[in-house]
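Visitor: Quick one: the structure is below, and I'll ask about it shortly.
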Amino acid sequence: PNTGYHFVDWSDGVLTAARTDLDVTADLTVTANFAIDTFTLTYTAGTGGSITGTSPQTVNYGADGSLVTAVPNTGYHFVDWSDGVLTAARTDLDVTANITVTANFAINTYTLTYAAGLNGSITGASPQTVEHGSSGTPVTAVPDTGYHFVDWSDGSTANPRTDTNVTADLSVTANF
């Protein structure tokens with residue numbers, strides 16, 4: 001067979017590609033039947049996302065697949081496909097083999113940065129790296145002798161302060 005095709009049978013029903021006709025007593029005309037090779041394209045989503053588009057896909061040898069896209073859940077981002085493709089949307093072209101890949105996602109992380117203004121300090125970790133939807137750890141604004149805590153630069157008066165359900169970077173300064 002040509003590249004991309006496989007032998008199916010002979011027109012008289014013989015199923016082996018190689019044949020030797022024995023004891024021939026009449027003219028014999030047969031045709032070899034071939035079929036194009038087909039391949040399966042399978043796309044799956046790892047933790048933190050989903051796939052849009054058709055999966056699995058059956059594609060003829062040398063044909064193109066159809067568009068599939070890795071879609072991250074809220075709070076996640078697309079990283080790559082397990083075969084190293086770095087774009088979330090992909091269309092596999094000129095297919096000559098089965099493809100089975102997984103879209104990899106990672107949870108978003110955010111930085112919480114706390115600083116002290118004049119006449120005070122802070123206790124607790126700063127900066128903090130927090131996963132999407134998680135909470136930071138407590139930070140306390142500590143005034144110098146003769147001063148008092150007023151508020152944080154974002155208007156919060158919580159002291160100590162623990163930021164919860166974090167969905168973005170945060171940078172605040174304690175005012176004394």
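Residues are referred to by chain and number: the chain letter is A, B, ... according to the order shown in the structure tokens, the number counts from 1 in that chain, and ligands are numbered separately from 1 in the order shown.
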Quick one: residues within 8 Å of A:Val150, only C-alpha atoms counted, chain neighbours fewer than 6 positions away excluded, as a list of chain:residue names?

Guide: A:Thr157, A:Ala174, A:Asn175, A:Phe176

Visitor: Could you write those residues out with N, CA and C atoms, as a compact mmCIF listing (two decimals), in the first residue's frame?

Guide:
# COMPACT_ATOMS: atom_id res chain seq x y z
N THR A 157 -9.48 48.87 58.97
CA THR A 157 -9.03 49.18 60.33
C THR A 157 -8.76 47.92 61.13
N ALA A 174 0.52 50.37 56.71
CA ALA A 174 -0.13 50.73 57.99
C ALA A 174 0.15 52.21 58.28
N ASN A 175 -0.91 52.94 58.60
CA ASN A 175 -0.79 54.35 58.94
C ASN A 175 -0.88 54.52 60.46
N PHE A 176 0.06 55.33 61.03
CA PHE A 176 0.08 55.56 62.47
C PHE A 176 -0.08 57.03 62.76

Visitor: List the spatial neighbours of A:Leu170 as number ranges by chain - criterion: any atom at most 7 Å away, only C-alpha atoms, same-chain residues fewer than 3 positions off excluded.

Guide: A: 111-113

Visitor: Any idea what's packed within 12 Å of A:Ala125, counting only C-alpha atoms, ignoring anything in its chain fewer than 3 positions away? Could you give it as a short mmCIF file (atom, residue, chain, number, x, y, z; two decimals) with N, CA, C and O atoms, in the first residue's frame?

Guide:
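New file result00.cif:
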data_model
loop_
_atom_site.label_atom_id
_atom_site.label_comp_id
_atom_site.auth_asym_id
_atom_site.auth_seq_id
_atom_site.Cartn_x
_atom_site.Cartn_y
_atom_site.Cartn_z
N THR A 111 0.40 37.91 45.54
CA THR A 111 1.33 38.40 46.55
C THR A 111 0.64 39.43 47.42
O THR A 111 0.05 40.39 46.92
N LEU A 112 0.70 39.18 48.73
CA LEU A 112 0.20 40.14 49.72
C LEU A 112 1.41 40.81 50.35
O LEU A 112 2.26 40.14 50.94
N THR A 113 1.49 42.14 50.20
CA THR A 113 2.64 42.90 50.72
C THR A 113 2.14 43.90 51.75
O THR A 113 1.24 44.71 51.46
N TYR A 114 2.72 43.84 52.94
CA TYR A 114 2.34 44.73 54.03
C TYR A 114 3.56 45.54 54.43
O TYR A 114 4.66 45.00 54.56
N ALA A 115 3.36 46.84 54.64
CA ALA A 115 4.46 47.72 55.04
C ALA A 115 3.97 48.61 56.18
O ALA A 115 2.77 48.81 56.37
N ILE A 122 5.44 46.46 61.53
CA ILE A 122 4.47 45.36 61.40
C ILE A 122 5.12 44.08 61.90
O ILE A 122 6.33 43.93 61.86
N GLN A 128 3.59 37.73 51.39
CA GLN A 128 3.00 36.40 51.48
C GLN A 128 2.54 35.99 50.08
O GLN A 128 2.00 36.80 49.36
N THR A 129 2.76 34.74 49.75
CA THR A 129 2.25 34.19 48.49
C THR A 129 1.06 33.31 48.83
O THR A 129 1.17 32.39 49.64
N VAL A 130 -0.09 33.61 48.18
CA VAL A 130 -1.34 32.96 48.52
C VAL A 130 -2.00 32.44 47.24
O VAL A 130 -2.05 33.15 46.24
N GLY A 136 -4.46 34.70 53.63
CA GLY A 136 -3.11 34.99 54.10
C GLY A 136 -3.01 34.67 55.58
O GLY A 136 -3.94 34.12 56.17
N THR A 137 -1.86 35.00 56.15
CA THR A 137 -1.67 34.82 57.59
C THR A 137 -1.74 36.19 58.26
O THR A 137 -1.55 37.22 57.61
N PRO A 138 -2.02 36.23 59.56
CA PRO A 138 -2.21 37.52 60.25
C PRO A 138 -0.97 38.41 60.21
O PRO A 138 0.17 37.94 60.32
N VAL A 139 -1.24 39.70 60.04
CA VAL A 139 -0.20 40.74 60.11
C VAL A 139 -0.72 41.80 61.07
O VAL A 139 -1.90 42.19 61.01
N THR A 140 0.15 42.26 61.95
CA THR A 140 -0.25 43.25 62.96
C THR A 140 0.55 44.53 62.78
O THR A 140 1.78 44.49 62.61
N ALA A 141 -0.17 45.66 62.82
CA ALA A 141 0.47 46.98 62.80
C ALA A 141 0.80 47.35 64.25
O ALA A 141 -0.09 47.35 65.11
N ARG A 161 -4.65 41.95 60.97
CA ARG A 161 -5.35 41.85 59.68
C ARG A 161 -5.01 40.49 59.05
O ARG A 161 -3.85 40.13 58.96
N THR A 162 -6.06 39.78 58.59
CA THR A 162 -5.88 38.54 57.83
C THR A 162 -6.74 38.66 56.57
O THR A 162 -7.97 38.74 56.67
#

Visitor: Near stretch 21-37 of chain A, counting only C-alpha atoms, which residues have an atom at most 8 Å away, once you skip same-chain residues fewer than 4 positions from it, shown as a list in words?

Guide: Pro1, Gly4, Tyr5, His6, Phe7, Val8, Asp9, Trp10, Ser11, Asp12, Asn60 and Tyr61 of chain A

Visitor: Restricting it to C-alpha atoms, dump the selection as a PDB file, in the first residue's frame.

Guide:
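Once everything was written out, this is again-v1.pdb:
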ATOM      1  CA  PRO A   1       0.000   0.000   0.000  1.00  0.00           C
ATOM      2  CA  GLY A   4      -1.172   6.357   4.709  1.00  0.00           C
ATOM      3  CA  TYR A   5      -3.141   3.369   3.427  1.00  0.00           C
ATOM      4  CA  HIS A   6      -3.522  -0.241   4.481  1.00  0.00           C
ATOM      5  CA  PHE A   7      -4.564  -3.403   2.684  1.00  0.00           C
ATOM      6  CA  VAL A   8      -8.172  -4.499   3.277  1.00  0.00           C
ATOM      7  CA  ASP A   9      -8.784  -7.512   1.031  1.00  0.00           C
ATOM      8  CA  TRP A  10      -8.908  -8.773  -2.528  1.00  0.00           C
ATOM      9  CA  SER A  11     -12.098  -8.342  -4.537  1.00  0.00           C
ATOM     10  CA  ASP A  12     -12.698 -12.111  -4.367  1.00  0.00           C
ATOM     11  CA  ASN A  60      -7.756  10.409   8.031  1.00  0.00           C
ATOM     12  CA  TYR A  61      -4.032  10.120   7.306  1.00  0.00           C
TER      13      TYR A  61
END

Visitor: Could you tell me how far atom CA of A:Gly120 sits from atom CA of A:Gly146, in Å to one decimal place?

Guide: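 Separation of atom CA of A:Gly146 and atom CA of A:Gly120: 10.1 Å.
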
Visitor: Quick one: residues within 10 Å of stretch 46-52 of chain A, only C-alpha atoms counted, chain neighbours fewer than 4 positions away excluded, as an MDAnalysis selection string?

Guide: chainID A and resid 67:78 81:82 88:89 101:107

Visitor: Show which residues sit within 6 Å of A:Val166, as a VMD selection string. Count only C-alpha atoms, and ignore same-chain residues fewer than 6 positions away.

Guide: chain A and resid 132 to 134

Visitor: Output all heavy atoms of each residue in that selection to a file, as a PDB file, in the first residue's frame.

Guide:
ATOM      1  N   HIS A 132      -5.170  31.297  44.833  1.00  0.00           N
ATOM      2  CA  HIS A 132      -6.496  31.857  44.559  1.00  0.00           C
ATOM      3  C   HIS A 132      -7.528  31.297  45.534  1.00  0.00           C
ATOM      4  O   HIS A 132      -7.629  30.090  45.725  1.00  0.00           O
ATOM      5  CB  HIS A 132      -6.916  31.525  43.124  1.00  0.00           C
ATOM      6  CG  HIS A 132      -8.245  32.093  42.759  1.00  0.00           C
ATOM      7  ND1 HIS A 132      -8.396  33.351  42.251  1.00  0.00           N
ATOM      8  CD2 HIS A 132      -9.500  31.582  42.858  1.00  0.00           C
ATOM      9  CE1 HIS A 132      -9.664  33.587  42.034  1.00  0.00           C
ATOM     10  NE2 HIS A 132     -10.359  32.515  42.404  1.00  0.00           N
ATOM     11  N   GLY A 133      -8.281  32.216  46.160  1.00  0.00           N
ATOM     12  CA  GLY A 133      -9.358  31.817  47.062  1.00  0.00           C
ATOM     13  C   GLY A 133      -8.921  31.465  48.470  1.00  0.00           C
ATOM     14  O   GLY A 133      -9.761  31.203  49.332  1.00  0.00           O
ATOM     15  N   SER A 134      -7.610  31.444  48.715  1.00  0.00           N
ATOM     16  CA  SER A 134      -7.102  31.102  50.046  1.00  0.00           C
ATOM     17  C   SER A 134      -6.943  32.362  50.890  1.00  0.00           C
ATOM     18  O   SER A 134      -7.210  33.468  50.441  1.00  0.00           O
ATOM     19  CB  SER A 134      -5.761  30.377  49.929  1.00  0.00           C
ATOM     20  OG  SER A 134      -5.943  29.141  49.278  1.00  0.00           O
TER      21      SER A 134
END

Visitor: Do you have the atom CA of A:Tyr43-atom CA of A:Gln57 distance handy?

Guide: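 Atom CA of A:Gln57 lies 8.8 Å from atom CA of A:Tyr43.
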
Visitor: When distances are computed from only C-alpha atoms, which of A:Ser156, A:Thr145, A:Asn108, A:Ala45 shows the smallest separation from A:Asp80?

Guide: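 Checking each candidate against A:Asp80, we get A:Ala45 as the closest.
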
Visitor: Between atom CA of A:Ser121 and atom CA of A:Val142, what is the spacing in Å?

Guide: 5.2 Å

Visitor: Could you tell me, as a VMD selection string, which residues of stretch 13-165 of chain A DSSP assigns to strand (DSSP E or B) when given the backbone?

Guide: chain A and resid 32 to 36 38 to 45 49 to 52 57 to 60 68 to 72 76 to 81 89 to 90 99 to 107 109 to 116 120 to 123 128 to 131 139 to 143 151 to 152 161
